[in-house]
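The block underneath contains the structure these notes are about, expressed in C-alpha cells.
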Amino acid sequence: MAGSSTGDLDKECRECFMMAVEKAAGKQLSVAEKSNATSKAVSKLLKEAVGISNNTSNAVDASIFPKLQDKTTKKLSVDQFVNNLLPLLAQHIVSEKKKGVTLEDPAVQEKLQNIKSKIAAKHHEWANPDKKKNAAVVDRLTDVKGYTGSHKERFDAETGKGKGLEGREDRQDNSGYVGAYKGSGTYDKSH
C-alpha cells in the first residue's frame with residue numbers, strides 16, 4: 001500500500017465506501033443508491049477499516065457528518081466522504097494530541113494517507129475474501145494430535161481423513177451363534 005498513489009487510494013476508498021453502504025443495507029443496491037451513506041454506515045466503515053475509537057466515532061457522528069451531509073436526505077455522498085470527511089477525521093485525530101492543527105499540517109496529511117491506506121486494505125479484504133483463514137481452522141480441527149480418547153479414532157492417523165461411520169461406532173462381530181462364542185475359527189470341530 002505504501003507505493004499506492006493518492007488517486008489509487010481515493011478510488012479504493014470510494015469503492016470501499018460503496019461496499020460498506022451495500023453491506024449496511026444487506027442487499028444489492030444500484031450505483032446511485034451505493035453513492036450515498038447514512039451516518040451509521042460511515043461510522044461502521046470507519047470502525048471496521050480504520051479502527052477509530054468510540055470517542056472519535058461520536059465526534060464524527062455529532063460534528064463532522066452533520067456539517068457535510070445533504071440536509072434533506074441526511075446522507076453523505078461518496079465524494080464528500082473522500083474529499084471532506086476523511087481530511088476532517090484526520091485533522092480531528094491529530095488535534096486530540098496536538099492543538100491548533102490545520103488540514104495542511106504535515107501530521108494531518110500523513111494521518112490522512114494512513115486512514116486511506118487502511119480503508120484501501122479493508123476494500124481488498126472485502127473484495128477478495130481470503131480462504132486461508134478458514135483453512136487454518138479446518139487444519140486445526142482435523143489434526144488428530146489434538147484429539148484424545150474415542151475422538152481420535154474418528155480420523156486416520158496418517159492422512160487426517162475422517163473414517164466415517166467406522167470411526168464413530170464400535171462394530172461387533174456378530175458371526176457367532178451363542179453368547180459365549182469366541183469368534184469364528186475358534187470352535188474345535190473334533191466334537
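By order of appearance in the C-alpha cells: chains A, B, ..., then residues from 1 within every chain, and ligands from 1 in the order shown.
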Please provide as an NGL selection string all residues within 12 Å of Thr102 (chain A), with the sequence filter that same-chain residues fewer than 2 positions apart are discarded (counting only C-alpha atoms).
:A and (87-95 or 98-100 or 104-109)
Write out, as a short mmCIF file (atom, residue, chain, number, x, y, z; two decimals), in the first residue's frame, the residues just selected, with N, CA, C and O atoms.
```cif
data_model
loop_
_atom_site.label_atom_id
_atom_site.label_comp_id
_atom_site.auth_asym_id
_atom_site.auth_seq_id
_atom_site.Cartn_x
_atom_site.Cartn_y
_atom_site.Cartn_z
N PRO A 87 -10.38 13.99 5.39
CA PRO A 87 -9.43 15.00 5.87
C PRO A 87 -9.82 15.59 7.24
O PRO A 87 -8.95 15.80 8.10
N LEU A 88 -11.12 15.83 7.44
CA LEU A 88 -11.57 16.36 8.74
C LEU A 88 -11.37 15.33 9.85
O LEU A 88 -11.04 15.69 10.98
N LEU A 89 -11.56 14.05 9.53
CA LEU A 89 -11.31 12.99 10.50
C LEU A 89 -9.83 12.96 10.87
O LEU A 89 -9.49 12.87 12.06
N ALA A 90 -8.97 13.03 9.88
CA ALA A 90 -7.52 13.05 10.14
C ALA A 90 -7.14 14.24 11.01
O ALA A 90 -6.37 14.11 11.96
N GLN A 91 -7.72 15.40 10.70
CA GLN A 91 -7.44 16.60 11.49
C GLN A 91 -7.93 16.40 12.93
O GLN A 91 -7.22 16.75 13.88
N HIS A 92 -9.10 15.82 13.09
CA HIS A 92 -9.64 15.59 14.44
C HIS A 92 -8.73 14.65 15.24
O HIS A 92 -8.44 14.91 16.40
N ILE A 93 -8.28 13.57 14.61
CA ILE A 93 -7.44 12.60 15.31
C ILE A 93 -6.11 13.24 15.73
O ILE A 93 -5.65 13.05 16.85
N VAL A 94 -5.51 14.01 14.83
CA VAL A 94 -4.23 14.67 15.15
C VAL A 94 -4.44 15.74 16.21
O VAL A 94 -3.61 15.91 17.12
N SER A 95 -5.58 16.45 16.15
CA SER A 95 -5.82 17.53 17.11
C SER A 95 -6.09 17.02 18.52
O SER A 95 -6.00 17.78 19.48
N LYS A 98 -2.41 17.16 19.51
CA LYS A 98 -1.70 18.41 19.27
C LYS A 98 -2.72 19.48 18.89
O LYS A 98 -3.45 19.33 17.91
N LYS A 99 -2.80 20.52 19.64
CA LYS A 99 -3.81 21.57 19.43
C LYS A 99 -3.42 22.51 18.29
O LYS A 99 -2.25 22.70 18.00
N GLY A 100 -4.44 23.07 17.66
CA GLY A 100 -4.24 24.10 16.64
C GLY A 100 -3.72 23.60 15.31
O GLY A 100 -3.04 24.33 14.60
N GLU A 104 -3.64 21.48 6.34
CA GLU A 104 -2.38 21.47 5.60
C GLU A 104 -1.20 20.97 6.43
O GLU A 104 -0.11 20.77 5.91
N ASP A 105 -1.40 20.81 7.71
CA ASP A 105 -0.35 20.34 8.62
C ASP A 105 0.19 18.98 8.13
O ASP A 105 -0.59 18.09 7.78
N PRO A 106 1.52 18.80 8.07
CA PRO A 106 2.09 17.53 7.60
C PRO A 106 1.62 16.31 8.40
O PRO A 106 1.43 15.24 7.84
N ALA A 107 1.40 16.48 9.70
CA ALA A 107 0.93 15.37 10.52
C ALA A 107 -0.48 14.96 10.10
O ALA A 107 -0.82 13.76 10.09
N VAL A 108 -1.31 15.93 9.74
CA VAL A 108 -2.67 15.64 9.29
C VAL A 108 -2.62 14.93 7.94
O VAL A 108 -3.35 13.96 7.70
N GLN A 109 -1.77 15.40 7.03
CA GLN A 109 -1.64 14.78 5.72
C GLN A 109 -1.13 13.33 5.84
O GLN A 109 -1.60 12.44 5.13
#
```
Distance query region 45-51 of chain A at most 6 Å, only C-alpha atoms, self and fewer than 6 positions along chain excluded, as a PDB file with N, CA and C atoms, in the first residue's frame:
```
ATOM      1  N   LYS A 118      -5.616   2.284   5.158  1.00  0.00           N
ATOM      2  CA  LYS A 118      -6.374   1.291   5.929  1.00  0.00           C
ATOM      3  C   LYS A 118      -7.707   0.977   5.253  1.00  0.00           C
ATOM      4  N   ILE A 119      -8.368   1.993   4.729  1.00  0.00           N
ATOM      5  CA  ILE A 119      -9.641   1.769   4.032  1.00  0.00           C
ATOM      6  C   ILE A 119      -9.398   0.961   2.756  1.00  0.00           C
ATOM      7  N   LYS A 122      -8.966  -2.604   3.699  1.00  0.00           N
ATOM      8  CA  LYS A 122     -10.267  -3.204   4.024  1.00  0.00           C
ATOM      9  C   LYS A 122     -11.023  -3.521   2.744  1.00  0.00           C
TER      10      LYS A 122
END
```
For CA of Lys75 (chain A) and CA of Thr38 (chain A), the interatomic separation in Å (one decimal)
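Separation between CA of Lys75 (chain A) and CA of Thr38 (chain A): 4.8 Å.
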Please return as an NGL selection string: the residues of region 33-168 of chain A that backbone DSSP assigns to helix (DSSP H, G or I).
:A and (33-34 or 39-49 or 54-68 or 78-95 or 106-127 or 132-141 or 144-146 or 149-154 or 165-168)
What gap, in Å, lies between CA of Asn84 (chain A) and CA of Asp70 (chain A)?
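Between CA of Asn84 (chain A) and CA of Asp70 (chain A) the gap works out to 13.2 Å.
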Please list as an mmCIF file with C-alpha atoms, in the first residue's frame every residue within 12 Å of Lys44 (chain A), counting only C-alpha atoms and excluding residues in the same chain fewer than 6 positions away.
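Writing done, so here's selection21.cif:
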```cif
data_model
loop_
_atom_site.group_PDB
_atom_site.id
_atom_site.type_symbol
_atom_site.label_atom_id
_atom_site.label_comp_id
_atom_site.auth_asym_id
_atom_site.auth_seq_id
_atom_site.Cartn_x
_atom_site.Cartn_y
_atom_site.Cartn_z
ATOM 1 C CA CYS A 16 -14.914 0.534 -0.096
ATOM 2 C CA PHE A 17 -17.478 3.216 0.803
ATOM 3 C CA MET A 19 -19.311 -1.783 -0.475
ATOM 4 C CA ALA A 20 -19.924 -0.623 3.100
ATOM 5 C CA VAL A 21 -23.220 1.030 2.119
ATOM 6 C CA LYS A 23 -23.262 -4.289 3.380
ATOM 7 C CA ALA A 24 -25.167 -1.995 5.744
ATOM 8 C CA ALA A 37 -24.494 6.719 3.071
ATOM 9 C CA THR A 38 -26.065 7.369 6.430
ATOM 10 C CA VAL A 50 -9.639 2.436 10.420
ATOM 11 C CA GLY A 51 -10.296 1.216 13.949
ATOM 12 C CA ILE A 52 -11.429 4.583 15.307
ATOM 13 C CA SER A 53 -12.347 4.800 18.969
ATOM 14 C CA ASN A 54 -15.865 5.364 20.275
ATOM 15 C CA SER A 57 -16.841 7.898 16.224
ATOM 16 C CA ASN A 58 -19.060 10.111 18.376
ATOM 17 C CA VAL A 60 -17.776 12.093 13.525
ATOM 18 C CA ASP A 61 -21.480 11.493 14.186
ATOM 19 C CA ILE A 119 -9.641 1.769 4.032
#
```
For Asn55 (chain A), the nearest of the candidates A:Glu15, A:Lys152, A:Val137, A:Glu96, counting only C-alpha atoms
A:Glu96
I need the residues of region 62-167 of chain A that end up classed as strand (DSSP E or B) by DSSP on the backbone, written out as an NGL selection string.
:A and (76-77 or 155 or 162)
Write the residues of the preceding selection, restricted to N, CA, C and O atoms, as a PDB file, in the first residue's frame.
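Saved as again.pdb:
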```pdb
ATOM      1  N   LEU A  76     -24.529  11.276   3.160  1.00  0.00           N
ATOM      2  CA  LEU A  76     -23.252  11.817   2.705  1.00  0.00           C
ATOM      3  C   LEU A  76     -22.883  11.128   1.396  1.00  0.00           C
ATOM      4  O   LEU A  76     -22.987   9.906   1.281  1.00  0.00           O
ATOM      5  N   SER A  77     -22.448  11.896   0.411  1.00  0.00           N
ATOM      6  CA  SER A  77     -22.054  11.300  -0.867  1.00  0.00           C
ATOM      7  C   SER A  77     -20.648  10.722  -0.761  1.00  0.00           C
ATOM      8  O   SER A  77     -19.866  11.098   0.111  1.00  0.00           O
ATOM      9  N   PHE A 155     -10.513 -40.272  13.007  1.00  0.00           N
ATOM     10  CA  PHE A 155      -9.674 -39.859  11.886  1.00  0.00           C
ATOM     11  C   PHE A 155      -8.528 -40.833  11.688  1.00  0.00           C
ATOM     12  O   PHE A 155      -8.004 -41.401  12.648  1.00  0.00           O
ATOM     13  N   GLY A 162     -11.314 -38.368   7.689  1.00  0.00           N
ATOM     14  CA  GLY A 162     -12.300 -38.983   8.561  1.00  0.00           C
ATOM     15  C   GLY A 162     -12.581 -40.419   8.162  1.00  0.00           C
ATOM     16  O   GLY A 162     -12.496 -40.784   6.993  1.00  0.00           O
TER      17      GLY A 162
END
```
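Using only C-alpha atoms, the smallest distance between any of A:Glu12, A:Val144, A:Leu85, A:His124 and Pro66 (chain A) comes from A:Leu85.
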Excluding Arg14 (chain A) and any residue of its chain fewer than 6 positions from it, enumerate the residues within 9 Å of it, using only C-alpha atoms, and give them as a PDB file with N, CA and C atoms, in the first residue's frame.
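Once everything was written out, this is part-v8.pdb:
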```pdb
ATOM      1  N   SER A  35     -23.949   5.289  -3.642  1.00  0.00           N
ATOM      2  CA  SER A  35     -23.132   6.505  -3.631  1.00  0.00           C
ATOM      3  C   SER A  35     -23.435   7.427  -2.470  1.00  0.00           C
ATOM      4  N   VAL A  78     -20.337   9.844  -1.689  1.00  0.00           N
ATOM      5  CA  VAL A  78     -19.026   9.208  -1.707  1.00  0.00           C
ATOM      6  C   VAL A  78     -17.919  10.242  -1.915  1.00  0.00           C
ATOM      7  N   ASP A  79     -18.173  11.268  -2.748  1.00  0.00           N
ATOM      8  CA  ASP A  79     -17.170  12.308  -2.981  1.00  0.00           C
ATOM      9  C   ASP A  79     -16.930  13.136  -1.720  1.00  0.00           C
ATOM     10  N   PHE A  81     -17.322  12.071   1.269  1.00  0.00           N
ATOM     11  CA  PHE A  81     -16.620  11.187   2.189  1.00  0.00           C
ATOM     12  C   PHE A  81     -15.112  11.251   1.959  1.00  0.00           C
ATOM     13  N   VAL A  82     -14.700  11.074   0.700  1.00  0.00           N
ATOM     14  CA  VAL A  82     -13.272  11.031   0.378  1.00  0.00           C
ATOM     15  C   VAL A  82     -12.629  12.415   0.458  1.00  0.00           C
TER      16      VAL A  82
END
```
